[in-house]
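> Take a look at target_15.cif, mmCIF, C-alpha atoms:
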data_target
loop_
_atom_site.group_PDB
_atom_site.id
_atom_site.type_symbol
_atom_site.label_atom_id
_atom_site.label_comp_id
_atom_site.auth_asym_id
_atom_site.auth_seq_id
_atom_site.Cartn_x
_atom_site.Cartn_y
_atom_site.Cartn_z
ATOM 1 C CA MET E 1 29.829 56.119 11.321
ATOM 2 C CA THR E 2 30.364 58.987 13.675
ATOM 3 C CA GLY E 3 30.559 58.535 17.416
ATOM 4 C CA ASP E 4 27.137 60.146 17.900
ATOM 5 C CA ARG E 5 25.506 57.733 15.451
ATOM 6 C CA VAL E 6 27.143 54.717 17.074
ATOM 7 C CA GLU E 7 25.924 55.855 20.483
ATOM 8 C CA GLU E 8 22.419 56.550 19.109
ATOM 9 C CA ARG E 9 22.276 53.094 17.551
ATOM 10 C CA ARG E 10 23.478 51.469 20.778
ATOM 11 C CA VAL E 11 20.788 53.288 22.784
ATOM 12 C CA ARG E 12 18.098 52.407 20.225
ATOM 13 C CA GLU E 13 19.043 48.714 20.395
ATOM 14 C CA ALA E 14 19.085 48.777 24.209
ATOM 15 C CA VAL E 15 15.608 50.337 24.261
ATOM 16 C CA ARG E 16 14.340 47.738 21.780
ATOM 17 C CA ARG E 17 15.703 44.896 23.950
ATOM 18 C CA HIS E 18 14.161 46.431 27.066
ATOM 19 C CA VAL E 19 10.741 46.808 25.408
ATOM 20 C CA ARG E 20 10.847 43.229 24.089
ATOM 21 C CA ASN E 21 11.916 41.781 27.455
ATOM 22 C CA SER E 22 9.220 43.795 29.246
ATOM 23 C CA ALA E 23 6.574 42.565 26.806
ATOM 24 C CA PHE E 24 7.646 38.940 27.315
ATOM 25 C CA ALA E 25 7.608 39.352 31.100
ATOM 26 C CA GLU E 26 4.125 40.874 30.987
ATOM 27 C CA ALA E 27 2.877 38.096 28.694
ATOM 28 C CA GLU E 28 4.251 35.474 31.111
ATOM 29 C CA LYS E 29 2.364 37.125 33.992
ATOM 30 C CA VAL E 30 -0.894 37.171 32.020
ATOM 31 C CA ILE E 31 -0.497 33.566 30.866
ATOM 32 C CA SER E 32 0.270 32.387 34.410
ATOM 33 C CA PHE E 33 -2.757 34.270 35.735
ATOM 34 C CA VAL E 34 -5.087 32.767 33.126
ATOM 35 C CA LEU E 35 -3.741 29.241 33.566
ATOM 36 C CA SER E 36 -4.127 29.420 37.340
ATOM 37 C CA ASP E 37 -7.860 30.160 37.087
ATOM 38 C CA PRO E 38 -9.858 27.224 38.525
ATOM 39 C CA HIS E 39 -12.233 27.196 35.529
ATOM 40 C CA VAL E 40 -9.305 26.972 33.116
ATOM 41 C CA GLN E 41 -7.758 24.158 35.167
ATOM 42 C CA GLU E 42 -11.098 22.304 35.185
ATOM 43 C CA ALA E 43 -11.434 22.705 31.405
ATOM 44 C CA ARG E 44 -7.875 21.447 30.916
ATOM 45 C CA ALA E 45 -8.593 18.383 33.057
ATOM 46 C CA GLN E 46 -11.732 17.651 31.023
ATOM 47 C CA VAL E 47 -9.823 17.958 27.735
ATOM 48 C CA GLU E 48 -7.056 15.671 29.026
ATOM 49 C CA ALA E 49 -9.629 13.094 30.148
ATOM 50 C CA ALA E 50 -11.344 13.174 26.748
ATOM 51 C CA GLU E 51 -8.001 12.861 24.932
ATOM 52 C CA THR E 52 -7.017 9.899 27.088
ATOM 53 C CA GLN E 53 -10.384 8.201 26.578
ATOM 54 C CA LEU E 54 -10.179 8.679 22.799
ATOM 55 C CA GLY E 55 -6.583 7.431 22.839
ATOM 56 C CA VAL E 56 -7.661 4.243 24.595
ATOM 57 C CA GLU E 57 -10.578 3.766 22.195
ATOM 58 C CA LEU E 58 -8.285 4.074 19.146
ATOM 59 C CA ARG E 59 -5.503 1.922 20.568
ATOM 60 C CA GLY E 60 -6.730 -1.352 19.072
ATOM 61 C CA ARG E 61 -6.756 0.150 15.594
ATOM 62 C CA LEU E 62 -3.644 2.322 15.830
ATOM 63 C CA GLN E 63 -1.204 0.529 18.187
ATOM 64 C CA HIS E 64 0.758 -0.856 15.235
ATOM 65 C CA PHE E 65 1.812 2.741 14.441
ATOM 66 C CA GLN E 66 3.280 3.087 17.950
ATOM 67 C CA ASP E 67 5.056 -0.251 17.527
ATOM 68 C CA ARG E 68 6.485 0.912 14.191
ATOM 69 C CA TYR E 69 7.645 4.179 15.773
ATOM 70 C CA ASP E 70 9.272 2.385 18.718
ATOM 71 C CA LEU E 71 11.083 0.042 16.334
ATOM 72 C CA ALA E 72 12.302 2.942 14.170
ATOM 73 C CA VAL E 73 13.601 4.769 17.245
ATOM 74 C CA ARG E 74 15.300 1.637 18.568
ATOM 75 C CA ASP E 75 16.948 0.922 15.200
ATOM 76 C CA GLY E 76 17.772 4.565 14.431
ATOM 77 C CA ASP E 77 15.756 4.306 11.193
ATOM 78 C CA ALA E 78 15.760 7.967 10.183
ATOM 79 C CA ALA E 79 14.051 7.277 6.851
ATOM 80 C CA ARG E 80 11.056 5.724 8.605
ATOM 81 C CA LEU E 81 10.953 8.487 11.207
ATOM 82 C CA THR E 82 10.796 11.186 8.520
ATOM 83 C CA ARG E 83 7.560 9.651 7.187
ATOM 84 C CA ILE E 84 5.848 9.980 10.567
ATOM 85 C CA CYS E 85 3.587 12.907 11.396
ATOM 86 C CA ALA E 86 5.410 16.008 12.560
ATOM 87 C CA GLY E 87 2.690 16.721 15.146
ATOM 88 C CA LYS E 88 4.063 16.664 18.640
ATOM 89 C CA HIS E 89 3.541 18.294 21.961
ATOM 90 C CA GLY E 90 6.997 17.845 23.401
ATOM 91 C CA ARG E 91 6.138 19.868 26.466
ATOM 92 C CA TRP E 92 3.593 17.185 27.359
ATOM 93 C CA GLY E 93 5.586 14.219 26.105
ATOM 94 C CA ARG E 94 3.354 13.587 23.093
ATOM 95 C CA ILE E 95 4.545 12.497 19.676
ATOM 96 C CA CYS E 96 2.081 11.566 16.957
ATOM 97 C CA VAL E 97 3.103 8.194 15.530
ATOM 98 C CA LEU E 98 0.742 8.135 12.545
ATOM 99 C CA ASN E 99 1.805 8.661 8.933
ATOM 100 C CA ASP E 100 2.608 12.173 7.818
ATOM 101 C CA GLY E 101 -0.552 13.757 6.365
ATOM 102 C CA HIS E 102 -2.936 11.518 8.309
ATOM 103 C CA GLU E 103 -5.140 14.453 9.311
ATOM 104 C CA THR E 104 -6.367 14.858 5.742
ATOM 105 C CA SER E 105 -6.046 11.409 4.221
ATOM 106 C CA MET E 106 -7.139 9.184 7.123
ATOM 107 C CA GLU E 107 -9.167 11.786 8.998
ATOM 108 C CA GLU E 108 -7.660 10.604 12.270
ATOM 109 C CA PRO E 109 -6.655 12.833 15.169
ATOM 110 C CA HIS E 110 -3.031 12.858 16.250
ATOM 111 C CA TRP E 111 -2.393 9.639 18.192
ATOM 112 C CA GLY E 112 0.449 8.261 20.264
ATOM 113 C CA HIS E 113 1.375 7.825 23.902
ATOM 114 C CA ASN E 114 1.964 10.447 26.543
ATOM 115 C CA SER E 115 5.026 10.615 28.773
ATOM 116 C CA GLU E 116 3.413 8.132 31.189
ATOM 117 C CA GLY E 117 2.991 5.587 28.374
ATOM 118 C CA GLN E 118 -0.798 5.970 28.146
ATOM 119 C CA PRO E 119 -2.397 6.130 24.700
ATOM 120 C CA ILE E 120 -3.615 9.617 23.868
ATOM 121 C CA ALA E 121 -5.334 11.282 20.929
ATOM 122 C CA TRP E 122 -5.581 14.991 20.255
ATOM 123 C CA VAL E 123 -6.730 17.440 17.622
ATOM 124 C CA GLY E 124 -4.768 20.462 16.493
ATOM 125 C CA SER E 125 -1.292 21.623 17.194
ATOM 126 C CA ALA E 126 0.570 23.488 19.874
ATOM 127 C CA PRO E 127 3.284 26.139 19.804
ATOM 128 C CA ASP E 128 5.945 23.480 20.226
ATOM 129 C CA ASP E 129 4.799 21.505 17.140
ATOM 130 C CA TRP E 130 8.058 22.133 15.248
#
Now that the file is in, can you turn its structure into structure tokens?

Amino acid sequence: MTGDRVEERRVREAVRRHVRNSAFAEAEKVISFVLSDPHVQEARAQVEAAETQLGVELRGRLQHFQDRYDLAVRDGDAARLTRICAGKHGRWGRICVLNDGHETSMEEPHWGHNSEGQPIAWVGSAPDDW
């Protein structure tokens, strides 16, 4: 590679990084603006209340899954943990404790406890469901 090509490639990569970083910064501004809207905050509070209510309603039928999960974590039982649903919202302290595939076979929402230890149920996934 000649010196001109190396310099051209370096500039192209710097421009690409700048464009990507600018796009991420702009997206963060838009997301923050949308999330700060009072109507969005009210809707979020209503969804959280409904998820908590459903979690409480399902607790009697599903608590044994949480107990199984807690036991597997305590004992370091990786085999048991791999059979548990991959659905989680780590950002909000949620981990679904039902069996993997429950959404289709049992037709249950994701269910577990939130970071405060309250039972919670939710439908769907989030970007941090990996």
> What residues come out when you apply the PyMOL selection byres ((chain E and resi 111-121) around 10) to this file, written as a ChimeraX atom specification?
/E:48-59,62-63,65-66,69,85,87-98,108-110,122-123
> Draw an axis-aligned box over all listed atoms of stretch 69-75 of chain E, pad each side with 5 Å, and write its centre and edge lengths in Å, one decimal, as lines of an AutoDock Vina configuration file.

center_x = 12.3
center_y = 2.4
center_z = 16.4
size_x = 19.3
size_y = 14.7
size_z = 14.5
> Can you tell me how far atom CA of E:Leu81 sits from atom CA of E:Gly60, in Å to one decimal?
21.7 Å
> Just how far from atom CA of E:Arg80 is atom CA of E:His102, in Å to one decimal?
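Computing it gives 15.1 Å between the two atoms.
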> To one decimal place in Å, what is the distance between atom CA of E:Arg10 and atom CA of E:Glu28?
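Between atom CA of E:Arg10 and atom CA of E:Glu28 the gap is 27.1 Å.
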> Could stretch 106-122 of chain E be written out with all heavy atoms, as a compact mmCIF listing (two decimals), in the first residue's frame, please?

# COMPACT_ATOMS: atom_id res chain seq x y z
N MET E 106 -46.60 -23.28 27.19
CA MET E 106 -47.45 -23.05 28.35
C MET E 106 -48.33 -21.81 28.17
O MET E 106 -49.22 -21.58 28.97
CB MET E 106 -46.61 -22.90 29.62
CG MET E 106 -45.90 -24.15 30.04
SD MET E 106 -44.75 -23.95 31.44
CE MET E 106 -45.60 -22.93 32.58
N GLU E 107 -48.02 -21.03 27.17
CA GLU E 107 -48.74 -19.78 26.93
C GLU E 107 -48.75 -18.88 28.15
O GLU E 107 -49.75 -18.25 28.49
CB GLU E 107 -50.14 -20.06 26.41
CG GLU E 107 -50.14 -20.80 25.11
CD GLU E 107 -51.55 -21.13 24.61
OE1 GLU E 107 -52.53 -20.74 25.27
OE2 GLU E 107 -51.63 -21.77 23.57
N GLU E 108 -47.64 -18.82 28.84
CA GLU E 108 -47.49 -17.95 30.01
C GLU E 108 -46.60 -16.77 29.62
O GLU E 108 -45.71 -16.90 28.79
CB GLU E 108 -46.79 -18.70 31.15
CG GLU E 108 -47.54 -19.87 31.72
CD GLU E 108 -48.69 -19.46 32.64
OE1 GLU E 108 -48.96 -18.25 32.77
OE2 GLU E 108 -49.32 -20.36 33.21
N PRO E 109 -46.83 -15.62 30.25
CA PRO E 109 -45.89 -14.51 30.05
C PRO E 109 -44.58 -14.84 30.76
O PRO E 109 -44.50 -15.82 31.50
CB PRO E 109 -46.60 -13.34 30.72
CG PRO E 109 -47.43 -13.97 31.78
CD PRO E 109 -47.88 -15.30 31.20
N HIS E 110 -43.57 -14.04 30.53
CA HIS E 110 -42.35 -14.18 31.32
C HIS E 110 -42.73 -13.89 32.78
O HIS E 110 -43.57 -13.03 33.05
CB HIS E 110 -41.28 -13.18 30.87
CG HIS E 110 -40.78 -13.44 29.49
ND1 HIS E 110 -40.02 -14.54 29.16
CD2 HIS E 110 -40.91 -12.72 28.35
CE1 HIS E 110 -39.71 -14.49 27.88
NE2 HIS E 110 -40.24 -13.40 27.36
N TRP E 111 -42.13 -14.63 33.72
CA TRP E 111 -42.47 -14.42 35.13
C TRP E 111 -41.23 -14.63 35.98
O TRP E 111 -40.43 -15.52 35.75
CB TRP E 111 -43.56 -15.40 35.58
CG TRP E 111 -44.06 -15.11 36.96
CD1 TRP E 111 -45.05 -14.24 37.30
CD2 TRP E 111 -43.57 -15.66 38.18
NE1 TRP E 111 -45.20 -14.21 38.67
CE2 TRP E 111 -44.30 -15.08 39.23
CE3 TRP E 111 -42.57 -16.57 38.50
CZ2 TRP E 111 -44.09 -15.38 40.56
CZ3 TRP E 111 -42.35 -16.88 39.83
CH2 TRP E 111 -43.10 -16.29 40.85
N GLY E 112 -41.10 -13.80 36.98
CA GLY E 112 -40.01 -13.91 37.94
C GLY E 112 -40.18 -12.85 39.00
O GLY E 112 -41.31 -12.47 39.32
N HIS E 113 -39.09 -12.35 39.52
CA HIS E 113 -39.13 -11.29 40.52
C HIS E 113 -38.27 -10.14 40.03
O HIS E 113 -37.27 -10.35 39.35
CB HIS E 113 -38.59 -11.79 41.87
CG HIS E 113 -39.57 -12.66 42.59
ND1 HIS E 113 -39.73 -13.99 42.30
CD2 HIS E 113 -40.43 -12.39 43.59
CE1 HIS E 113 -40.66 -14.50 43.08
NE2 HIS E 113 -41.11 -13.55 43.88
N ASN E 114 -38.66 -8.94 40.39
CA ASN E 114 -37.85 -7.78 40.01
C ASN E 114 -36.72 -7.59 41.03
O ASN E 114 -36.58 -8.38 41.97
CB ASN E 114 -38.71 -6.52 39.86
CG ASN E 114 -39.38 -6.09 41.14
OD1 ASN E 114 -38.99 -6.49 42.24
ND2 ASN E 114 -40.40 -5.26 41.02
N SER E 115 -35.95 -6.55 40.85
CA SER E 115 -34.78 -6.34 41.72
C SER E 115 -35.16 -6.05 43.17
O SER E 115 -34.34 -6.20 44.07
CB SER E 115 -33.92 -5.20 41.17
OG SER E 115 -34.67 -4.02 41.06
N GLU E 116 -36.43 -5.66 43.40
CA GLU E 116 -36.90 -5.44 44.77
C GLU E 116 -37.49 -6.71 45.38
O GLU E 116 -37.98 -6.69 46.50
CB GLU E 116 -37.96 -4.32 44.81
CG GLU E 116 -37.39 -2.93 44.57
CD GLU E 116 -37.26 -2.61 43.09
OE1 GLU E 116 -38.14 -3.03 42.31
OE2 GLU E 116 -36.28 -1.96 42.71
N GLY E 117 -37.48 -7.81 44.64
CA GLY E 117 -38.00 -9.07 45.15
C GLY E 117 -39.50 -9.25 44.96
O GLY E 117 -40.06 -10.22 45.44
N GLN E 118 -40.15 -8.34 44.25
CA GLN E 118 -41.58 -8.45 43.99
C GLN E 118 -41.82 -9.33 42.77
O GLN E 118 -41.09 -9.24 41.78
CB GLN E 118 -42.19 -7.07 43.72
CG GLN E 118 -42.03 -6.09 44.85
CD GLN E 118 -42.40 -4.68 44.40
OE1 GLN E 118 -42.08 -4.26 43.31
NE2 GLN E 118 -43.09 -3.97 45.27
N PRO E 119 -42.86 -10.17 42.81
CA PRO E 119 -43.18 -10.96 41.62
C PRO E 119 -43.61 -10.03 40.49
O PRO E 119 -44.26 -9.01 40.72
CB PRO E 119 -44.32 -11.85 42.07
CG PRO E 119 -44.85 -11.27 43.32
CD PRO E 119 -43.79 -10.41 43.90
N ILE E 120 -43.20 -10.39 39.28
CA ILE E 120 -43.52 -9.56 38.12
C ILE E 120 -43.70 -10.45 36.90
O ILE E 120 -43.05 -11.49 36.78
CB ILE E 120 -42.42 -8.50 37.90
CG1 ILE E 120 -42.85 -7.49 36.85
CG2 ILE E 120 -41.09 -9.10 37.53
CD1 ILE E 120 -42.45 -6.09 37.17
N ALA E 121 -44.63 -10.08 36.04
CA ALA E 121 -44.85 -10.81 34.79
C ALA E 121 -44.82 -9.81 33.65
O ALA E 121 -45.27 -8.68 33.79
CB ALA E 121 -46.20 -11.52 34.84
N TRP E 122 -44.26 -10.22 32.53
CA TRP E 122 -44.20 -9.32 31.39
C TRP E 122 -44.27 -10.09 30.09
O TRP E 122 -44.02 -11.29 30.05
CB TRP E 122 -42.94 -8.45 31.44
CG TRP E 122 -41.64 -9.17 31.19
CD1 TRP E 122 -40.97 -9.28 30.02
CD2 TRP E 122 -40.86 -9.89 32.17
NE1 TRP E 122 -39.82 -10.01 30.21
CE2 TRP E 122 -39.72 -10.38 31.50
CE3 TRP E 122 -41.01 -10.16 33.52
CZ2 TRP E 122 -38.75 -11.14 32.14
CZ3 TRP E 122 -40.03 -10.90 34.16
CH2 TRP E 122 -38.92 -11.38 33.48
